[in-house]
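Student: So here's upload.tsv, just TSV, N, CA and C atoms:
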```tsv
chain	number	residue	atom	x	y	z
W	1467	MET	N	8.42	10.25	-21.87
W	1467	MET	CA	8.74	10.89	-23.13
W	1467	MET	C	8.68	9.89	-24.29
W	1468	GLU	N	8.59	8.61	-23.97
W	1468	GLU	CA	8.53	7.61	-25.02
W	1468	GLU	C	7.12	7.45	-25.59
W	1469	GLN	N	6.10	7.89	-24.86
W	1469	GLN	CA	4.72	7.75	-25.31
W	1469	GLN	C	4.20	9.09	-25.79
W	1470	PRO	N	3.32	9.07	-26.78
W	1470	PRO	CA	2.73	10.34	-27.22
W	1470	PRO	C	1.80	10.89	-26.14
W	1471	PRO	N	1.54	12.19	-26.15
W	1471	PRO	CA	0.64	12.75	-25.15
W	1471	PRO	C	-0.78	12.20	-25.31
W	1472	ARG	N	-1.50	12.19	-24.21
W	1472	ARG	CA	-2.88	11.70	-24.25
W	1472	ARG	C	-3.76	12.72	-24.96
W	1473	PRO	N	-4.86	12.29	-25.52
W	1473	PRO	CA	-5.77	13.25	-26.17
W	1473	PRO	C	-6.32	14.26	-25.17
W	1474	ALA	N	-6.53	15.48	-25.62
W	1474	ALA	CA	-6.98	16.55	-24.72
W	1474	ALA	C	-8.40	16.31	-24.22
W	1475	ASP	N	-9.23	15.60	-24.97
W	1475	ASP	CA	-10.61	15.38	-24.54
W	1475	ASP	C	-10.75	14.23	-23.55
W	1476	ARG	N	-9.71	13.46	-23.34
W	1476	ARG	CA	-9.75	12.36	-22.39
W	1476	ARG	C	-9.44	12.88	-20.99
W	1477	GLY	N	-10.13	12.39	-19.99
W	1477	GLY	CA	-9.93	12.84	-18.62
W	1477	GLY	C	-8.58	12.41	-18.06
W	1478	LEU	N	-8.21	13.04	-16.98
W	1478	LEU	CA	-6.94	12.72	-16.33
W	1478	LEU	C	-6.98	11.34	-15.69
W	1479	PHE	N	-8.10	11.00	-15.07
W	1479	PHE	CA	-8.28	9.70	-14.44
W	1479	PHE	C	-9.26	8.88	-15.27
W	1480	ASP	N	-8.75	8.05	-16.15
W	1480	ASP	CA	-9.64	7.20	-16.92
W	1480	ASP	C	-9.95	5.93	-16.12
W	1481	ARG	N	-10.76	5.07	-16.68
W	1481	ARG	CA	-11.22	3.89	-15.96
W	1481	ARG	C	-10.08	2.95	-15.58
W	1482	SER	N	-9.18	2.68	-16.49
W	1482	SER	CA	-8.10	1.74	-16.19
W	1482	SER	C	-7.17	2.29	-15.11
W	1483	PHE	N	-6.91	3.59	-15.15
W	1483	PHE	CA	-6.06	4.19	-14.12
W	1483	PHE	C	-6.75	4.13	-12.77
W	1484	SER	N	-8.04	4.41	-12.73
W	1484	SER	CA	-8.78	4.38	-11.47
W	1484	SER	C	-8.82	2.97	-10.89
W	1485	LEU	N	-9.01	1.97	-11.73
W	1485	LEU	CA	-9.01	0.59	-11.25
W	1485	LEU	C	-7.64	0.17	-10.74
W	1486	ARG	N	-6.60	0.56	-11.45
W	1486	ARG	CA	-5.24	0.23	-11.01
W	1486	ARG	C	-4.91	0.92	-9.69
W	1487	LEU	N	-5.34	2.15	-9.54
W	1487	LEU	CA	-5.11	2.89	-8.31
W	1487	LEU	C	-5.85	2.25	-7.14
W	1488	ALA	N	-7.10	1.86	-7.37
W	1488	ALA	CA	-7.88	1.19	-6.32
W	1488	ALA	C	-7.26	-0.15	-5.94
W	1489	TRP	N	-6.81	-0.91	-6.93
W	1489	TRP	CA	-6.19	-2.21	-6.66
W	1489	TRP	C	-4.92	-2.05	-5.82
W	1490	GLN	N	-4.09	-1.09	-6.17
W	1490	GLN	CA	-2.86	-0.87	-5.41
W	1490	GLN	C	-3.16	-0.42	-3.99
W	1491	GLY	N	-4.16	0.42	-3.83
W	1491	GLY	CA	-4.56	0.85	-2.49
W	1491	GLY	C	-5.08	-0.30	-1.65
W	1492	LEU	N	-5.88	-1.17	-2.26
W	1492	LEU	CA	-6.38	-2.34	-1.54
W	1492	LEU	C	-5.25	-3.29	-1.15
W	1493	MET	N	-4.28	-3.45	-2.02
W	1493	MET	CA	-3.14	-4.32	-1.71
W	1493	MET	C	-2.33	-3.77	-0.53
W	1494	VAL	N	-2.03	-2.49	-0.56
W	1494	VAL	CA	-1.26	-1.88	0.53
W	1494	VAL	C	-2.06	-1.95	1.83
W	1495	GLY	N	-3.34	-1.64	1.76
W	1495	GLY	CA	-4.18	-1.71	2.95
W	1495	GLY	C	-4.30	-3.11	3.50
W	1496	GLY	N	-4.47	-4.09	2.61
W	1496	GLY	CA	-4.57	-5.47	3.05
W	1496	GLY	C	-3.29	-5.98	3.68
W	1497	LEU	N	-2.16	-5.66	3.08
W	1497	LEU	CA	-0.88	-6.07	3.66
W	1497	LEU	C	-0.64	-5.42	5.01
W	1498	THR	N	-1.02	-4.16	5.15
W	1498	THR	CA	-0.84	-3.46	6.42
W	1498	THR	C	-1.74	-4.06	7.50
W	1499	LEU	N	-2.99	-4.34	7.16
W	1499	LEU	CA	-3.89	-4.97	8.14
W	1499	LEU	C	-3.41	-6.37	8.51
W	1500	ALA	N	-2.92	-7.12	7.54
W	1500	ALA	CA	-2.40	-8.46	7.84
W	1500	ALA	C	-1.21	-8.39	8.78
W	1501	ALA	N	-0.31	-7.44	8.56
W	1501	ALA	CA	0.84	-7.28	9.44
W	1501	ALA	C	0.40	-6.88	10.84
W	1502	TYR	N	-0.60	-6.00	10.93
W	1502	TYR	CA	-1.10	-5.58	12.25
W	1502	TYR	C	-1.67	-6.77	13.01
W	1503	PHE	N	-2.53	-7.54	12.36
W	1503	PHE	CA	-3.15	-8.67	13.05
W	1503	PHE	C	-2.14	-9.77	13.36
W	1504	LEU	N	-1.15	-9.96	12.51
W	1504	LEU	CA	-0.10	-10.93	12.79
W	1504	LEU	C	0.70	-10.50	14.02
W	1505	GLY	N	1.05	-9.24	14.09
W	1505	GLY	CA	1.77	-8.74	15.26
W	1505	GLY	C	0.94	-8.76	16.52
W	1506	PHE	N	-0.34	-8.52	16.39
W	1506	PHE	CA	-1.21	-8.47	17.57
W	1506	PHE	C	-1.51	-9.86	18.12
W	1507	THR	N	-1.67	-10.84	17.23
W	1507	THR	CA	-2.11	-12.16	17.70
W	1507	THR	C	-0.99	-13.19	17.84
W	1508	ARG	N	0.08	-13.06	17.09
W	1508	ARG	CA	1.07	-14.15	17.06
W	1508	ARG	C	2.46	-13.78	17.59
W	1509	LEU	N	2.92	-12.59	17.35
W	1509	LEU	CA	4.33	-12.30	17.56
W	1509	LEU	C	4.65	-11.48	18.80
W	1510	ALA	N	3.66	-11.01	19.51
W	1510	ALA	CA	3.92	-10.10	20.62
W	1510	ALA	C	3.99	-10.85	21.95
W	1511	ALA	N	4.82	-10.31	22.84
W	1511	ALA	CA	4.87	-10.81	24.20
W	1511	ALA	C	3.63	-10.30	24.95
W	1512	PRO	N	3.20	-11.00	25.98
W	1512	PRO	CA	2.02	-10.55	26.72
W	1512	PRO	C	2.20	-9.12	27.24
W	1513	GLY	N	1.22	-8.30	27.00
W	1513	GLY	CA	1.25	-6.91	27.43
W	1513	GLY	C	1.79	-5.95	26.39
W	1514	LEU	N	2.41	-6.46	25.35
W	1514	LEU	CA	3.00	-5.60	24.32
W	1514	LEU	C	2.31	-5.74	22.97
W	1515	GLU	N	1.11	-6.32	22.96
W	1515	GLU	CA	0.44	-6.60	21.69
W	1515	GLU	C	0.24	-5.35	20.85
W	1516	GLY	N	-0.25	-4.29	21.48
W	1516	GLY	CA	-0.53	-3.06	20.74
W	1516	GLY	C	0.71	-2.42	20.16
W	1517	ALA	N	1.78	-2.38	20.93
W	1517	ALA	CA	3.01	-1.75	20.46
W	1517	ALA	C	3.63	-2.53	19.30
W	1518	VAL	N	3.66	-3.84	19.42
W	1518	VAL	CA	4.23	-4.66	18.35
W	1518	VAL	C	3.38	-4.56	17.09
W	1519	ALA	N	2.07	-4.62	17.26
W	1519	ALA	CA	1.16	-4.54	16.10
W	1519	ALA	C	1.29	-3.20	15.40
W	1520	ASN	N	1.34	-2.11	16.16
W	1520	ASN	CA	1.49	-0.78	15.56
W	1520	ASN	C	2.82	-0.65	14.82
W	1521	THR	N	3.88	-1.17	15.42
W	1521	THR	CA	5.19	-1.10	14.78
W	1521	THR	C	5.22	-1.90	13.49
W	1522	MET	N	4.64	-3.09	13.52
W	1522	MET	CA	4.63	-3.91	12.30
W	1522	MET	C	3.79	-3.27	11.20
W	1523	ALA	N	2.66	-2.69	11.57
W	1523	ALA	CA	1.81	-2.03	10.57
W	1523	ALA	C	2.53	-0.83	9.98
W	1524	PHE	N	3.18	-0.04	10.81
W	1524	PHE	CA	3.90	1.13	10.31
W	1524	PHE	C	5.06	0.72	9.41
W	1525	ALA	N	5.81	-0.30	9.81
W	1525	ALA	CA	6.93	-0.77	8.99
W	1525	ALA	C	6.43	-1.32	7.65
W	1526	THR	N	5.34	-2.06	7.67
W	1526	THR	CA	4.78	-2.60	6.42
W	1526	THR	C	4.32	-1.48	5.51
W	1527	LEU	N	3.62	-0.50	6.05
W	1527	LEU	CA	3.15	0.62	5.25
W	1527	LEU	C	4.32	1.40	4.66
W	1528	THR	N	5.36	1.60	5.45
W	1528	THR	CA	6.54	2.32	4.97
W	1528	THR	C	7.24	1.55	3.85
W	1529	LEU	N	7.42	0.25	4.02
W	1529	LEU	CA	8.07	-0.55	2.98
W	1529	LEU	C	7.23	-0.64	1.72
W	1530	CYS	N	5.91	-0.72	1.87
W	1530	CYS	CA	5.04	-0.73	0.69
W	1530	CYS	C	5.18	0.57	-0.09
W	1531	GLN	N	5.25	1.69	0.60
W	1531	GLN	CA	5.41	2.97	-0.08
W	1531	GLN	C	6.77	3.06	-0.77
W	1532	LEU	N	7.80	2.55	-0.12
W	1532	LEU	CA	9.13	2.57	-0.71
W	1532	LEU	C	9.18	1.72	-1.97
W	1533	PHE	N	8.66	0.50	-1.90
W	1533	PHE	CA	8.64	-0.37	-3.07
W	1533	PHE	C	7.77	0.21	-4.18
W	1534	HIS	N	6.66	0.83	-3.80
W	1534	HIS	CA	5.80	1.45	-4.81
W	1534	HIS	C	6.52	2.59	-5.52
W	1535	ALA	N	7.27	3.37	-4.77
W	1535	ALA	CA	8.02	4.47	-5.39
W	1535	ALA	C	9.05	3.95	-6.39
W	1536	PHE	N	9.71	2.84	-6.07
W	1536	PHE	CA	10.67	2.27	-7.01
W	1536	PHE	C	9.97	1.65	-8.22
W	1537	ASN	N	8.79	1.09	-8.02
W	1537	ASN	CA	8.07	0.46	-9.13
W	1537	ASN	C	7.53	1.46	-10.14
W	1538	VAL	N	7.09	2.61	-9.69
W	1538	VAL	CA	6.51	3.58	-10.62
W	1538	VAL	C	7.56	4.48	-11.24
W	1539	ARG	N	8.77	4.36	-10.80
W	1539	ARG	CA	9.84	5.21	-11.31
W	1539	ARG	C	10.26	4.85	-12.69
```
Please render this file's structure as structure tokens.
Tutor:
Amino acid sequence: MEQPPRPADRGLFDRSFSLRLAWQGLMVGGLTLAAYFLGFTRLAAPGLEGAVANTMAFATLTLCQLFHAFNVR
């Protein structure tokens, strides 16, 4: 409510918004993949690599979404 409305002739997704959205998606994806590979290669006991990696990736994705929700609020 502090900003004036956008012009009616401007699209909903302008270039800066699209770039910011892509950057945030790449960051979340990169962090999730890094957590998966860290759990798969370094932190798991023998035989549990897949379970630990999946859990770490899910937890990272969940926390990224939670932090993102607080940041855009």
Student: Tell me, which residues of chain W carry DSSP alpha helix (DSSP H), written as a ChimeraX atom specification?
Tutor: /W:1481-1504,1515-1538
Student: Would you list the contacts of Ala1519 (chain W) as an MDAnalysis selection string, taking every protein, DNA or RNA residue within 12 Å and counting only C-alpha atoms, but skipping same-chain residues closer than 5 positions in sequence?
Tutor: chainID W and resid 1498:1511 1513:1514 1524:1526
Student: What's the separation between atom N of His1534 (chain W) and CA of Gly1496 (chain W), in Å to one decimal place?
Tutor: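 Rounded to one decimal, the two atoms are 14.6 Å apart.
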Student: Could you check which of W:Gly1516, W:Val1538, W:Pro1470, W:Ala1523 is closest to Leu1497 (chain W), using only N, CA and C atoms?
Tutor: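 With only N, CA and C atoms as the atom set, the closest residue is W:Ala1523.
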Student: Take CA of Asn1537 (chain W) and CA of Gln1490 (chain W) and report the distance between them in Å, one decimal.
Tutor: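 That distance, rounded to one decimal, is 11.6 Å.
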Student: Can you measure CA of Thr1528 (chain W) to CA of Val1494 (chain W) for me? One decimal in Å is fine.
Tutor: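 Spanning CA of Thr1528 (chain W) to CA of Val1494 (chain W) is a straight-line distance of 9.9 Å.
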